[in-house]
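Asks: Sharing protein_33.tsv, TSV, C-alpha atoms and all ligand atoms:
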chain	number	residue	atom	x	y	z
A	107	MET	CA	26.75	172.51	147.89
A	108	THR	CA	27.40	169.91	145.25
A	109	ASP	CA	30.82	168.38	144.73
A	110	CYS	CA	32.73	169.63	141.71
A	111	ILE	CA	33.97	167.09	139.17
A	112	GLU	CA	37.44	167.37	140.69
A	113	ASP	CA	36.20	166.13	144.09
A	114	VAL	CA	34.08	163.41	142.52
A	115	LEU	CA	37.04	162.04	140.58
A	116	ILE	CA	39.42	162.28	143.55
A	117	ASN	CA	36.96	160.50	145.83
A	118	GLN	CA	36.33	157.82	143.25
A	119	TYR	CA	40.07	157.38	142.80
A	120	LYS	CA	40.69	157.01	146.54
A	121	LYS	CA	37.79	154.60	146.99
A	122	VAL	CA	38.81	152.26	144.18
A	123	ARG	CA	42.48	152.26	145.15
A	124	GLN	CA	41.57	151.55	148.78
A	125	GLN	CA	39.40	148.61	147.76
A	126	THR	CA	42.44	146.87	146.26
A	127	LEU	CA	44.20	147.24	149.61
A	128	ASN	CA	41.12	145.95	151.43
A	129	LEU	CA	41.17	142.79	149.31
A	130	CYS	CA	44.73	142.14	150.46
A	131	LYS	CA	44.00	142.42	154.17
A	132	PRO	CA	43.53	138.67	154.77
A	133	LEU	CA	46.88	137.87	153.11
A	134	GLU	CA	50.03	136.88	154.94
A	135	ILE	CA	53.29	138.32	153.66
A	136	GLU	CA	54.32	135.07	151.94
A	137	ASP	CA	51.04	135.00	149.96
A	138	TYR	CA	52.03	138.16	148.08
A	139	VAL	CA	54.95	136.69	146.17
A	140	VAL	CA	54.21	133.17	144.92
A	141	GLN	CA	53.23	132.30	141.34
A	142	PRO	CA	52.11	128.65	141.17
A	143	SER	CA	51.30	128.82	137.44
A	144	ALA	CA	52.21	131.07	134.53
A	145	ASP	CA	48.64	132.40	134.30
A	146	ILE	CA	48.65	133.52	137.93
A	147	SER	CA	50.20	136.79	139.03
A	148	PRO	CA	51.49	137.23	142.57
A	149	PRO	CA	49.33	139.70	144.55
A	150	LYS	CA	52.39	141.91	144.95
A	151	TRP	CA	52.56	142.21	141.17
A	152	HIS	CA	48.88	143.20	140.91
A	153	LEU	CA	49.45	145.91	143.53
A	154	ALA	CA	52.47	147.25	141.68
A	155	HIS	CA	51.12	146.90	138.14
A	156	THR	CA	47.87	148.79	138.82
A	157	THR	CA	50.06	151.53	140.32
A	158	TRP	CA	52.42	151.43	137.33
A	159	PHE	CA	49.36	152.17	135.18
A	160	PHE	CA	48.84	155.57	136.83
A	161	ALA	CA	52.57	156.32	137.07
A	162	GLN	CA	53.17	155.45	133.43
A	163	PHE	CA	50.13	156.95	131.75
A	164	LEU	CA	49.40	159.87	134.06
A	165	LEU	CA	52.34	161.00	136.21
A	166	SER	CA	55.12	160.41	133.67
A	167	LYS	CA	53.10	162.34	131.13
A	168	TYR	CA	51.65	165.20	133.14
A	169	CYS	CA	54.11	165.71	136.04
A	170	ALA	CA	57.47	166.87	134.72
A	171	ASP	CA	59.23	166.16	138.02
A	172	TYR	CA	57.82	162.64	138.53
A	173	CYS	CA	60.57	160.19	139.45
A	174	TRP	CA	60.11	156.41	139.66
A	175	PRO	CA	61.30	154.92	142.97
A	176	ASN	CA	63.54	152.60	140.95
A	177	VAL	CA	64.49	152.77	137.27
A	178	GLN	CA	63.51	149.10	136.87
A	179	TYR	CA	59.90	149.61	137.92
A	180	PRO	CA	58.60	150.55	134.45
A	181	ARG	CA	59.96	147.28	133.09
A	182	LEU	CA	59.00	145.07	136.04
A	183	PHE	CA	55.40	146.26	136.25
A	184	ASN	CA	54.45	146.84	132.64
A	185	SER	CA	52.24	143.90	131.66
A	186	TYR	CA	52.14	143.80	127.88
A	187	TYR	CA	52.26	147.37	126.53
A	188	LYS	CA	54.92	147.02	123.84
A	189	THR	CA	54.64	150.73	122.99
A	190	GLN	CA	55.79	151.47	126.55
A	191	GLY	CA	59.08	149.63	126.33
A	192	ALA	CA	60.31	146.23	127.48
A	193	HIS	CA	58.43	144.25	130.10
A	194	TRP	CA	59.35	141.47	132.48
A	195	PRO	CA	58.03	138.06	131.27
A	196	GLN	CA	54.68	137.11	132.81
A	197	PRO	CA	55.68	133.54	133.84
A	198	ARG	CA	58.58	134.97	135.88
A	199	ARG	CA	56.66	137.48	137.98
A	200	GLY	CA	57.01	135.18	140.98
A	201	ALA	CA	60.78	135.11	140.62
A	202	LEU	CA	61.07	138.64	142.03
A	203	SER	CA	61.69	138.91	145.75
A	204	ARG	CA	62.44	142.62	145.25
A	205	PRO	CA	60.99	145.17	145.42
A	206	THR	CA	59.62	143.96	148.72
A	207	VAL	CA	55.94	144.00	149.57
A	208	LYS	CA	56.62	146.98	151.84
A	209	GLU	CA	58.28	148.86	148.98
A	210	VAL	CA	55.33	148.11	146.71
A	211	PHE	CA	52.91	149.52	149.30
A	212	GLU	CA	55.14	152.62	149.51
A	213	PHE	CA	55.06	152.89	145.72
A	214	ARG	CA	51.26	152.80	145.82
A	215	ALA	CA	51.10	155.47	148.51
A	216	GLN	CA	53.56	157.72	146.67
A	217	VAL	CA	51.67	157.44	143.38
A	218	ASP	CA	48.31	157.97	145.08
A	219	SER	CA	49.41	161.19	146.70
A	220	ARG	CA	50.86	162.48	143.42
A	221	VAL	CA	47.70	161.60	141.48
A	222	VAL	CA	45.46	163.31	144.03
A	223	GLU	CA	47.79	166.33	144.03
A	224	LEU	CA	47.64	166.48	140.22
A	225	LEU	CA	43.84	166.22	140.09
A	226	ALA	CA	43.46	168.87	142.80
A	227	SER	CA	45.81	171.27	141.01
A	228	PHE	CA	43.35	172.36	138.34
A	229	ASN	CA	41.52	175.56	139.11
A	230	ASP	CA	39.07	175.00	136.31
A	231	GLU	CA	37.82	171.66	135.11
A	232	ILE	CA	40.27	168.76	134.89
A	233	PRO	CA	41.37	168.41	131.24
A	234	SER	CA	39.37	165.72	129.46
A	235	ASP	CA	42.41	163.61	128.53
A	236	ILE	CA	43.41	163.41	132.20
A	237	GLN	CA	39.86	162.54	133.24
A	238	ALA	CA	39.78	159.81	130.61
A	239	THR	CA	43.12	158.38	131.73
A	240	VAL	CA	42.04	158.28	135.39
A	241	GLN	CA	38.76	156.65	134.37
A	242	ILE	CA	40.42	153.88	132.37
A	243	GLY	CA	42.97	153.44	135.17
A	244	LEU	CA	40.13	152.84	137.65
A	245	GLU	CA	38.32	150.44	135.31
A	246	HIS	CA	41.65	148.66	134.91
A	247	GLU	CA	42.06	148.52	138.68
A	248	ALA	CA	38.57	146.98	138.98
A	249	GLN	CA	39.56	144.27	136.50
A	250	HIS	CA	42.62	143.54	138.60
A	251	GLN	CA	40.57	143.39	141.79
A	252	GLU	CA	38.75	140.47	140.25
A	253	LEU	CA	41.99	138.92	138.96
A	254	LEU	CA	43.47	139.29	142.43
A	255	LEU	CA	40.71	137.12	143.94
A	256	MET	CA	40.94	134.58	141.11
A	257	ASP	CA	44.69	134.37	141.64
A	258	ILE	CA	44.51	134.20	145.44
A	259	GLN	CA	42.06	131.30	145.17
A	260	PHE	CA	44.44	129.45	142.84
A	261	ILE	CA	47.44	130.25	145.04
A	262	TYR	CA	45.67	128.88	148.12
A	263	TRP	CA	44.41	125.81	146.25
A	264	SER	CA	47.96	125.09	145.10
A	265	ASN	CA	48.99	124.76	148.73
A	266	PRO	CA	48.17	121.37	150.32
A	267	THR	CA	47.18	123.10	153.57
A	268	LEU	CA	44.26	124.67	151.64
A	269	PRO	CA	44.18	128.02	153.46
A	270	VAL	CA	40.98	129.99	153.97
A	271	TYR	CA	40.86	133.55	152.60
A	272	HIS	CA	37.59	134.49	154.27
A	273	GLU	CA	34.69	132.81	156.00
A	274	LYS	CA	31.75	131.98	153.78
A	275	HIS	CA	29.72	135.17	153.36
A	276	VAL	CA	27.76	134.52	150.17
A	277	ASP	CA	25.68	131.38	149.92
A	278	LEU	CA	25.36	130.26	146.32
A	279	GLU	CA	22.91	127.53	147.29
A	280	ASN	CA	19.43	128.44	146.11
A	281	THR	CA	16.21	126.52	145.73
A	282	ARG	CA	15.83	127.75	142.15
A	283	TYR	CA	18.66	125.34	141.22
A	284	LYS	CA	16.50	122.45	142.43
A	285	LYS	CA	13.81	123.22	139.87
A	286	PRO	CA	14.07	122.38	136.17
A	287	ILE	CA	15.47	125.20	134.04
A	288	ASN	CA	12.88	127.50	132.47
A	289	TYR	CA	13.68	128.71	128.98
A	290	LYS	CA	12.48	132.14	127.82
A	291	LEU	CA	11.64	132.61	124.16
A	292	PHE	CA	13.09	135.54	122.25
A	293	ASP	CA	11.65	136.48	118.87
A	294	GLU	CA	13.73	136.67	115.76
A	295	GLY	CA	14.61	140.14	114.63
A	296	LEU	CA	17.13	142.85	114.08
A	297	TYR	CA	18.45	144.13	117.40
A	298	THR	CA	21.04	146.67	118.44
A	299	PHE	CA	24.09	145.55	120.42
A	300	GLY	CA	27.12	147.12	122.02
A	301	ALA	CA	27.69	150.26	124.03
A	302	GLY	CA	26.32	153.57	122.84
A	303	GLY	CA	26.03	156.85	124.64
A	304	GLU	CA	28.36	158.79	126.85
A	305	GLY	CA	29.04	156.42	129.74
A	306	PHE	CA	32.29	154.53	130.08
A	307	ALA	CA	32.73	151.44	127.92
A	308	PHE	CA	35.86	149.75	126.66
A	309	ASP	CA	36.67	150.15	122.97
A	310	ASN	CA	35.76	146.49	122.33
A	311	GLU	CA	32.11	147.19	123.31
A	312	ARG	CA	31.79	149.79	120.55
A	313	PRO	CA	30.41	150.72	118.14
A	314	GLN	CA	26.78	150.02	118.78
A	315	HIS	CA	25.53	148.12	115.76
A	316	PRO	CA	22.58	146.08	114.47
A	317	HIS	CA	22.69	142.30	114.41
A	318	TYR	CA	20.04	139.84	113.25
A	319	LEU	CA	18.99	136.97	115.50
A	320	GLN	CA	16.91	133.90	114.78
A	321	ALA	CA	14.34	133.06	117.44
A	322	PHE	CA	15.98	131.32	120.39
A	323	LYS	CA	15.40	130.29	123.98
A	324	LEU	CA	17.65	131.22	126.86
A	325	ALA	CA	17.89	129.45	130.22
A	326	GLN	CA	16.61	131.55	133.10
A	327	ARG	CA	19.27	130.33	135.46
A	328	GLN	CA	22.78	128.96	135.30
A	329	SER	CA	23.44	125.23	135.22
A	330	SER	CA	23.93	123.65	138.62
A	331	ASN	CA	26.49	121.39	140.24
A	332	ARG	CA	23.78	118.72	140.46
A	333	GLU	CA	23.25	118.87	136.69
A	334	TYR	CA	26.96	118.93	136.01
A	335	LEU	CA	27.50	115.95	138.31
A	336	GLU	CA	25.00	113.99	136.20
A	337	PHE	CA	27.18	114.78	133.20
A	338	VAL	CA	30.25	113.56	135.12
A	339	HIS	CA	28.50	110.37	136.29
A	340	ASP	CA	27.22	109.74	132.77
A	341	GLY	CA	30.83	109.55	131.57
A	342	GLY	CA	30.76	113.02	130.03
A	343	TYR	CA	34.53	113.30	130.27
A	344	SER	CA	35.11	109.99	128.49
A	345	LYS	CA	32.85	110.39	125.44
A	346	PRO	CA	34.81	111.97	122.59
A	347	SER	CA	31.59	112.59	120.63
A	348	LEU	CA	30.64	115.33	123.11
A	349	TRP	CA	33.85	117.30	122.73
A	350	LEU	CA	35.41	119.73	120.34
A	351	SER	CA	38.58	118.20	118.94
A	352	GLU	CA	40.91	120.58	120.77
A	353	GLY	CA	38.84	120.22	123.94
A	354	TRP	CA	39.14	116.45	123.87
A	355	ASP	CA	42.91	116.67	123.43
A	356	PHE	CA	43.01	119.19	126.28
A	357	ILE	CA	41.13	117.05	128.83
A	358	GLN	CA	43.09	113.97	127.80
A	359	SER	CA	46.48	115.61	128.08
A	360	GLN	CA	45.64	117.28	131.40
A	361	GLN	CA	43.73	114.27	132.80
A	362	ILE	CA	40.72	116.50	133.51
A	363	LYS	CA	37.65	114.73	134.88
A	364	THR	CA	35.86	117.44	136.89
A	365	PRO	CA	35.71	121.23	137.25
A	366	LEU	CA	38.95	122.80	138.45
A	367	TYR	CA	38.34	122.99	142.18
A	368	TRP	CA	36.44	119.74	142.75
A	369	HIS	CA	38.06	117.10	144.95
A	370	GLN	CA	36.72	113.56	145.03
A	371	ASN	CA	36.93	111.49	148.19
A	372	ALA	CA	35.35	108.05	147.78
A	373	GLU	CA	31.82	108.78	146.53
A	374	GLU	CA	31.75	112.35	147.79
A	375	TYR	CA	32.73	115.52	145.99
A	376	PHE	CA	34.18	118.54	147.71
A	377	GLU	CA	34.81	121.98	146.27
A	378	PHE	CA	37.52	124.48	147.12
A	379	ASP	CA	36.91	128.22	147.07
A	380	LEU	CA	38.01	131.31	148.97
A	381	SER	CA	36.24	129.89	152.03
A	382	GLY	CA	38.30	126.71	151.91
A	383	LEU	CA	37.24	123.15	151.14
A	384	SER	CA	33.65	122.07	151.71
A	385	LEU	CA	31.19	119.45	150.54
A	386	LEU	CA	30.03	120.23	147.00
A	387	THR	CA	26.80	122.23	147.14
A	388	LEU	CA	24.57	120.54	144.58
A	389	ASP	CA	21.96	123.28	144.27
A	390	ALA	CA	24.44	125.98	143.36
A	391	PRO	CA	25.84	127.04	139.97
A	392	VAL	CA	28.69	124.96	138.56
A	393	ARG	CA	31.86	127.04	138.33
A	394	HIS	CA	35.45	127.02	137.21
A	395	ILE	CA	34.91	125.19	133.96
A	396	SER	CA	36.66	125.79	130.64
A	397	TYR	CA	34.86	126.72	127.45
A	398	PHE	CA	35.51	123.18	126.26
A	399	GLU	CA	33.71	121.74	129.30
A	400	ALA	CA	30.82	124.20	129.01
A	401	ASP	CA	30.42	123.31	125.34
A	402	ALA	CA	30.57	119.53	125.98
A	403	PHE	CA	28.08	119.81	128.84
A	404	ALA	CA	25.68	121.76	126.62
A	405	ARG	CA	25.95	119.12	123.89
A	406	TRP	CA	25.34	116.36	126.43
A	407	ALA	CA	22.24	118.24	127.65
A	408	GLY	CA	20.91	118.53	124.09
A	409	LYS	CA	21.34	122.31	124.20
A	410	ARG	CA	24.01	124.80	123.20
A	411	LEU	CA	25.75	127.86	124.60
A	412	PRO	CA	24.24	131.24	123.68
A	413	THR	CA	26.05	133.61	121.36
A	414	GLU	CA	27.16	136.82	123.01
A	415	PHE	CA	24.36	138.67	121.18
A	416	GLU	CA	21.71	136.27	122.48
A	417	TRP	CA	23.17	136.73	125.92
A	418	GLU	CA	23.09	140.53	125.67
A	419	LEU	CA	19.49	140.56	124.45
A	420	GLY	CA	18.56	138.28	127.33
A	421	ALA	CA	20.30	140.57	129.82
A	422	GLU	CA	18.70	143.73	128.43
A	423	GLN	CA	15.19	142.30	128.32
A	424	CYS	CA	15.35	140.50	131.67
A	425	LYS	CA	17.08	143.00	133.90
A	426	GLN	CA	14.58	142.18	136.60
A	427	GLY	CA	14.57	138.69	137.94
A	428	GLN	CA	17.44	137.16	136.05
A	429	ASP	CA	20.83	136.52	137.62
A	430	VAL	CA	22.79	137.64	134.58
A	431	HIS	CA	24.93	140.06	136.50
A	432	GLY	CA	26.49	138.72	139.54
A	433	THR	CA	27.31	135.13	140.21
A	434	LEU	CA	29.62	133.84	137.49
A	435	TRP	CA	30.86	134.91	134.11
A	436	GLU	CA	29.01	132.92	131.47
A	437	TRP	CA	30.73	131.40	128.48
A	438	THR	CA	29.24	132.29	125.12
A	439	SER	CA	29.85	130.55	121.80
A	440	SER	CA	31.15	133.80	120.30
A	441	PRO	CA	34.81	134.15	119.40
A	442	TYR	CA	36.29	137.37	120.72
A	443	ALA	CA	36.43	139.58	117.65
A	444	ALA	CA	36.00	143.20	116.64
A	445	TYR	CA	32.49	144.55	116.14
A	446	PRO	CA	31.73	145.92	112.68
A	447	GLY	CA	33.25	149.40	112.48
A	448	TYR	CA	35.53	148.84	115.50
A	449	GLN	CA	38.26	151.42	115.84
A	450	GLN	CA	41.30	150.63	117.86
A	451	PRO	CA	42.27	153.70	119.92
A	452	GLU	CA	45.43	155.58	118.99
A	453	GLY	CA	48.49	155.12	121.17
A	454	ALA	CA	49.12	152.79	124.11
A	455	PHE	CA	45.45	152.21	124.95
A	456	GLY	CA	45.09	150.67	121.51
A	457	GLU	CA	46.93	147.73	123.08
A	458	TYR	CA	44.33	147.32	125.84
A	459	ASN	CA	41.87	145.08	123.97
A	460	GLY	CA	42.33	145.03	120.20
A	461	LYS	CA	45.47	142.96	120.02
A	462	PHE	CA	43.84	140.09	121.93
A	463	MET	CA	41.12	139.53	119.36
A	464	TYR	CA	42.33	136.13	118.31
A	465	GLY	CA	41.73	132.62	119.64
A	466	GLN	CA	39.69	133.60	122.71
A	467	MET	CA	36.00	133.24	123.56
A	468	VAL	CA	33.68	135.88	125.00
A	469	LEU	CA	32.21	135.58	128.49
A	470	ARG	CA	29.41	137.85	129.63
A	471	GLY	CA	27.87	139.02	132.85
A	472	GLY	CA	30.21	139.50	135.76
A	473	CYS	CA	30.86	137.52	138.91
A	474	LEU	CA	30.91	137.81	142.66
A	475	ALA	CA	34.45	139.20	142.46
A	476	THR	CA	33.47	141.93	139.98
A	477	PRO	CA	32.96	145.34	141.60
A	478	ARG	CA	29.26	146.18	141.19
A	479	TRP	CA	29.91	149.57	139.51
A	480	HIS	CA	31.93	147.73	136.88
A	481	TYR	CA	29.00	145.69	135.46
A	482	ARG	CA	27.47	146.49	132.07
A	483	SER	CA	25.28	144.38	129.78
A	484	SER	CA	27.63	145.26	126.92
A	485	TYR	CA	30.77	144.23	128.83
A	486	ARG	CA	32.87	141.66	126.97
A	487	ASN	CA	35.24	139.52	128.98
A	488	PHE	CA	37.44	137.04	127.13
A	489	TYR	CA	39.62	134.04	127.88
A	490	PHE	CA	41.29	131.23	126.01
A	491	PRO	CA	38.92	128.24	125.81
A	492	SER	CA	41.02	126.01	128.08
A	493	LYS	CA	41.18	128.44	131.03
A	494	ARG	CA	39.32	127.49	134.19
A	495	TRP	CA	40.61	129.56	137.07
A	496	MET	CA	38.29	132.52	136.50
A	497	PHE	CA	34.81	132.51	138.03
A	498	SER	CA	33.14	130.96	134.97
A	499	GLY	CA	29.77	129.24	134.67
A	500	ILE	CA	27.24	127.94	132.16
A	501	ARG	CA	23.94	129.32	130.86
A	502	LEU	CA	22.31	127.12	128.24
A	503	ALA	CA	20.39	128.15	125.15
A	504	GLU	CA	18.51	126.37	122.41
A	505	ASN	CA	17.02	127.08	119.03
A	506	ALA	CA	13.35	128.00	119.15
A	601	FE	FE	46.58	145.17	133.69
With the file now loaded, output its structure as structure tokens.

Replies:
Amino acid sequence: MTDCIEDVLINQYKKVRQQTLNLCKPLEIEDYVVQPSADISPPKWHLAHTTWFFAQFLLSKYCADYCWPNVQYPRLFNSYYKTQGAHWPQPRRGALSRPTVKEVFEFRAQVDSRVVELLASFNDEIPSDIQATVQIGLEHEAQHQELLLMDIQFIYWSNPTLPVYHEKHVDLENTRYKKPINYKLFDEGLYTFGAGGEGFAFDNERPQHPHYLQAFKLAQRQSSNREYLEFVHDGGYSKPSLWLSEGWDFIQSQQIKTPLYWHQNAEEYFEFDLSGLSLLTLDAPVRHISYFEADAFARWAGKRLPTEFEWELGAEQCKQGQDVHGTLWEWTSSPYAAYPGYQQPEGAFGEYNGKFMYGQMVLRGGCLATPRWHYRSSYRNFYFPSKRWMFSGIRLAENA
């Protein structure tokens, strides 16, 4: 007997929600609350905010008797949805000792049981608007699972004791990083980009549309720590000619001389990650660099960053044998903007992506912290060009 759509959705819901809890298992209670920088959210906030999403958009709308555990929760755990009322300022999320971590776990459990109850209550098929809300809530949760790991790494790095989140379980060292980069040629032409079809995609991936590309070459692997170290040793961070104007001002004002998590001790470089501090692995992809650094490195190498369209063509045509989905998000030279014909959704979900289409750059691919089911070649991630705490890397391109 096959599962009905109700069971499929309920099982998917439980699985995704449980995964967020699994990611928190290595944490100590104190880890849940701190916010060492305005960009970072305390793990407790991620746990509560992803739950707020279902309480706000599903339970408050479809369960007449739903009652928040505390009248302040909608304000404390709304991130940026102005249509949903006031929200607590992001830089002050770490100022909240209450609700406690225990209360936030109780909030999650309460919301989970109400959501499952709601989904199980339909005798016929679950109404499509409810299915769509659960789906976007789970995609949202997946995004926060990645943010949670990014933030935990930064929280641990901000502590001089440099705690370890987990033992090393993925080795990024690979012999392919020892070999020179191969570049694959792509012919000029009119190609189709963006998400089509029925499957889930965020509004910013639609509509599917044609876009003309000149011939170009795309690197068949990401740039390595060894290559980036050459850039560092060659004075890459002290040559203004390599940098965008704003990038130069940024590295000068912040005294930036290496990727975010590198530590130098005498002549040796170490790197911090979720497995703690270890000697920099040279034959592994360079990570935690800003757009400005990626762009300067590319210029130093006599190459450039790919546009997001070049990247997507590369991903679509090289699904076998290319590491486009999996290690690090890759900076593209494309500003985050609406595709031709983009339609911002009506209502609160119109705030999900559209209002951020200014001043940010697109990253493509996915990273080790991205849930596998969440990858898509059309997926568009975006960050401000100075940000470095996400799992970002570099793939070079050049004109043919
Ligand atoms: Fe969110």

Asks: One decimal, Å: what's the distance from atom CA of Gln124 of chain A over to atom CA of Ser219 of chain A, could you say?

Replies: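 Computing the Euclidean distance for atom CA of Gln124 of chain A and atom CA of Ser219 of chain A yields 12.6 Å.
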
Asks: Can you tell me how far atom CA of Ala503 of chain A sits from atom CA of Leu324 of chain A, in Å to one decimal?

Replies: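 Going from atom CA of Ala503 of chain A over to atom CA of Leu324 of chain A, I get 4.5 Å.
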
Asks: Which residues, written as an MDAnalysis selection string, have at least one atom at most 7 Å from Ser440 of chain A, with all atoms listed in the file counted and residues fewer than 4 positions away on the same chain left out?

Replies: chainID A and resid 413:414 467:468

Asks: Could you give me, as a count of residues only, every polymer residue with an atom at most 12 Å away from an atom of ligand FE 601 (chain A), counting only C-alpha atoms and all ligand atoms?

Replies: 34

Asks: What are the closest atom pairs, with distances in Å to one decimal, for all residues of segment 359-434 of chain A lying within 12 Å of segment 257-275 of chain A? Consider all atoms listed in the file, order rows by chain and residue number, and present the result as a tab-separated table.

Replies:
residue	atom	partner	partner_atom	distance
A:Leu366	CA	A:Phe260	CA	9.7
A:Tyr367	CA	A:Trp263	CA	7.8
A:Trp368	CA	A:Trp263	CA	10.6
A:His369	CA	A:Trp263	CA	10.9
A:Glu377	CA	A:Trp263	CA	10.3
A:Phe378	CA	A:Trp263	CA	7.1
A:Asp379	CA	A:Gln259	CA	6.3
A:Leu380	CA	A:Tyr271	CA	5.1
A:Ser381	CA	A:Val270	CA	5.1
A:Gly382	CA	A:Val270	CA	4.7
A:Leu383	CA	A:Leu268	CA	7.2
A:Ser384	CA	A:Lys274	CA	10.3
A:His394	CA	A:Phe260	CA	10.9

Asks: Save the residues we just selected, C-alpha atoms, as a PDB file, in the coordinates of the input?

Replies:
ATOM      1  CA  LEU A 366      38.950 122.800 138.450  1.00  0.00           C
ATOM      2  CA  TYR A 367      38.340 122.990 142.180  1.00  0.00           C
ATOM      3  CA  TRP A 368      36.440 119.740 142.750  1.00  0.00           C
ATOM      4  CA  HIS A 369      38.060 117.100 144.950  1.00  0.00           C
ATOM      5  CA  GLU A 377      34.810 121.980 146.270  1.00  0.00           C
ATOM      6  CA  PHE A 378      37.520 124.480 147.120  1.00  0.00           C
ATOM      7  CA  ASP A 379      36.910 128.220 147.070  1.00  0.00           C
ATOM      8  CA  LEU A 380      38.010 131.310 148.970  1.00  0.00           C
ATOM      9  CA  SER A 381      36.240 129.890 152.030  1.00  0.00           C
ATOM     10  CA  GLY A 382      38.300 126.710 151.910  1.00  0.00           C
ATOM     11  CA  LEU A 383      37.240 123.150 151.140  1.00  0.00           C
ATOM     12  CA  SER A 384      33.650 122.070 151.710  1.00  0.00           C
ATOM     13  CA  HIS A 394      35.450 127.020 137.210  1.00  0.00           C
TER      14      HIS A 394
END

Asks: Mind pulling up the distance from atom CA of Lys167 of chain A to atom CA of Val217 of chain A?

Replies: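 If I compute the distance from atom CA of Val217 of chain A to atom CA of Lys167 of chain A, I get 13.3 Å.
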